[in-house]
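Input: a single structure, listed below in structure tokens.
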Amino acid sequence: MSKNEEIEEIEELEETTEETVEEISVEETLKKELSEMEDKFLRAQAEIVNMRNRHNKEREDSAKYRAQNLAKDLLTALDNLDRALEIETNDEHGESMKKGIEMVREGMLHAFKEAGVEEIDSLGQTFDPNKHQAVQTIPLSEGQESDEIVQVLQKGYILHDRILRPAMVIVAQ
């Protein structure tokens, strides 16, 4: 083999090596880009799942608490019906009016219950600032415990787990 032939052979080997190195570089680059794209794709899929879950939760909450504003507005009317029932009557006409008011009140309570609105049980319970609003305190009497609710001035209501209106109460201290 002559020198020229050896040089040509070395040059061919160098070219083949360079081509192989270039192919490996391109292949590695493509693999790296593919890996990055797969990562982006998986992240995008996870974000879509999270958005869907948030949307479903918001829809469930909206459906669960849809009666909140209406119930708040009707609580004043219910209070007025309760006040009307406290009026003493001594004639038949007054008693029939009272009976009608009682029927309307019972209908409202039934509708509230169907919507998930319930009265907060307060009388005789321990004062809870999350459910009650103390308007006045009185000294302890016999048989009473500290922080016991002794009188309810205005009933409180709760919708599922949300307080619509705290009960206004008098607390023994």
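Residues are referred to by chain and number: the chain letter is A, B, ... according to the order shown in the structure tokens, the number counts from 1 in that chain, and ligands are numbered separately from 1 in the order shown.
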Report the residues of segment 106-161 of chain A whose backbone DSSP state falls under helix (DSSP H, G or I), written as a PDB file with N, CA and C atoms, in the first residue's frame.
```pdb
ATOM      1  N   GLU A 106     -95.117  26.374  58.037  1.00  0.00           N
ATOM      2  CA  GLU A 106     -94.738  24.964  57.888  1.00  0.00           C
ATOM      3  C   GLU A 106     -94.324  24.671  56.441  1.00  0.00           C
ATOM      4  N   GLY A 107     -95.020  25.276  55.478  1.00  0.00           N
ATOM      5  CA  GLY A 107     -94.652  25.107  54.067  1.00  0.00           C
ATOM      6  C   GLY A 107     -93.265  25.664  53.781  1.00  0.00           C
ATOM      7  N   MET A 108     -92.981  26.829  54.354  1.00  0.00           N
ATOM      8  CA  MET A 108     -91.649  27.421  54.164  1.00  0.00           C
ATOM      9  C   MET A 108     -90.570  26.547  54.803  1.00  0.00           C
ATOM     10  N   LEU A 109     -90.832  26.047  56.017  1.00  0.00           N
ATOM     11  CA  LEU A 109     -89.852  25.191  56.688  1.00  0.00           C
ATOM     12  C   LEU A 109     -89.600  23.915  55.887  1.00  0.00           C
ATOM     13  N   HIS A 110     -90.665  23.369  55.301  1.00  0.00           N
ATOM     14  CA  HIS A 110     -90.511  22.167  54.485  1.00  0.00           C
ATOM     15  C   HIS A 110     -89.655  22.465  53.250  1.00  0.00           C
ATOM     16  N   ALA A 111     -89.914  23.600  52.596  1.00  0.00           N
ATOM     17  CA  ALA A 111     -89.129  23.983  51.417  1.00  0.00           C
ATOM     18  C   ALA A 111     -87.671  24.219  51.808  1.00  0.00           C
ATOM     19  N   PHE A 112     -87.447  24.852  52.968  1.00  0.00           N
ATOM     20  CA  PHE A 112     -86.079  25.064  53.452  1.00  0.00           C
ATOM     21  C   PHE A 112     -85.383  23.728  53.667  1.00  0.00           C
ATOM     22  N   LYS A 113     -86.091  22.806  54.287  1.00  0.00           N
ATOM     23  CA  LYS A 113     -85.482  21.501  54.576  1.00  0.00           C
ATOM     24  C   LYS A 113     -85.122  20.778  53.276  1.00  0.00           C
ATOM     25  N   GLU A 114     -85.978  20.864  52.283  1.00  0.00           N
ATOM     26  CA  GLU A 114     -85.711  20.235  50.982  1.00  0.00           C
ATOM     27  C   GLU A 114     -84.472  20.848  50.321  1.00  0.00           C
ATOM     28  N   ALA A 115     -84.241  22.142  50.552  1.00  0.00           N
ATOM     29  CA  ALA A 115     -83.087  22.827  49.968  1.00  0.00           C
ATOM     30  C   ALA A 115     -81.827  22.666  50.812  1.00  0.00           C
TER      31      ALA A 115
END
```
Problem set entry | DSSP-assigned strand (DSSP E) among segment 116-156 of chain A, expressed as an MDAnalysis selection string | chainID A and resid 117:119 132:138 148:154
Filtering to N, CA and C atoms, could you give me those residues as a CSV table (one decimal), in the first residue's frame?
```csv
chain,number,residue,atom,x,y,z
A,117,VAL,N,-81.6,23.8,54.1
A,117,VAL,CA,-81.5,24.8,55.1
A,117,VAL,C,-82.1,24.3,56.4
A,118,GLU,N,-81.4,24.4,57.5
A,118,GLU,CA,-81.9,23.9,58.8
A,118,GLU,C,-81.7,25.0,59.9
A,119,GLU,N,-82.5,24.9,60.9
A,119,GLU,CA,-82.4,25.8,62.0
A,119,GLU,C,-81.2,25.4,62.9
A,132,HIS,N,-73.3,31.2,66.7
A,132,HIS,CA,-74.1,32.1,67.6
A,132,HIS,C,-73.5,33.5,67.7
A,133,GLN,N,-74.4,34.5,67.9
A,133,GLN,CA,-74.0,35.9,68.1
A,133,GLN,C,-74.5,36.3,69.5
A,134,ALA,N,-73.6,36.5,70.4
A,134,ALA,CA,-74.0,36.8,71.8
A,134,ALA,C,-74.4,38.3,71.8
A,135,VAL,N,-75.7,38.6,72.1
A,135,VAL,CA,-76.2,39.9,72.2
A,135,VAL,C,-76.1,40.5,73.6
A,136,GLN,N,-76.2,39.5,74.6
A,136,GLN,CA,-76.2,39.9,76.0
A,136,GLN,C,-75.7,38.7,76.8
A,137,THR,N,-75.1,39.1,78.0
A,137,THR,CA,-74.8,38.0,78.9
A,137,THR,C,-75.5,38.3,80.2
A,138,ILE,N,-75.8,37.2,80.9
A,138,ILE,CA,-76.5,37.4,82.2
A,138,ILE,C,-75.7,36.5,83.2
A,148,GLU,N,-73.6,28.8,78.6
A,148,GLU,CA,-74.8,28.1,78.2
A,148,GLU,C,-75.8,29.2,77.6
A,149,ILE,N,-76.4,28.9,76.5
A,149,ILE,CA,-77.4,29.8,75.9
A,149,ILE,C,-78.7,29.6,76.6
A,150,VAL,N,-79.2,30.7,77.2
A,150,VAL,CA,-80.4,30.7,78.0
A,150,VAL,C,-81.6,31.3,77.3
A,151,GLN,N,-81.4,32.0,76.2
A,151,GLN,CA,-82.5,32.6,75.5
A,151,GLN,C,-82.1,32.9,74.0
A,152,VAL,N,-83.0,32.6,73.1
A,152,VAL,CA,-82.7,32.8,71.7
A,152,VAL,C,-83.6,34.0,71.3
A,153,LEU,N,-82.9,35.1,70.8
A,153,LEU,CA,-83.7,36.3,70.4
A,153,LEU,C,-84.0,36.2,68.9
A,154,GLN,N,-83.2,35.6,68.1
A,154,GLN,CA,-83.4,35.4,66.7
A,154,GLN,C,-82.8,34.1,66.3
```
Exercise. Counting only C-alpha atoms, which of A:Leu159, A:Leu164, A:Met103, A:Val171 gets nearest to Phe127 of chain A?
Worked result: A:Val171
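The protein and nucleic acid residues lying at most 9 Å from Arg162 of chain A are Tyr65, Gln68, Tyr157, Ile158 and Leu159 of chain A, with only C-alpha atoms considered and sequence neighbours fewer than 3 positions away removed.
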Exercise. At what distance in Å, to one decimal, does atom CA of Val169 of chain A lie from atom CA of Leu123 of chain A?
Worked result: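 Spanning atom CA of Leu123 of chain A to atom CA of Val169 of chain A is a straight-line distance of 8.4 Å.
Nearest residue to Glu142 of chain A among A:Ala172, A:Leu42, A:Leu85, A:Leu74 is A:Ala172, counting only C-alpha atoms.
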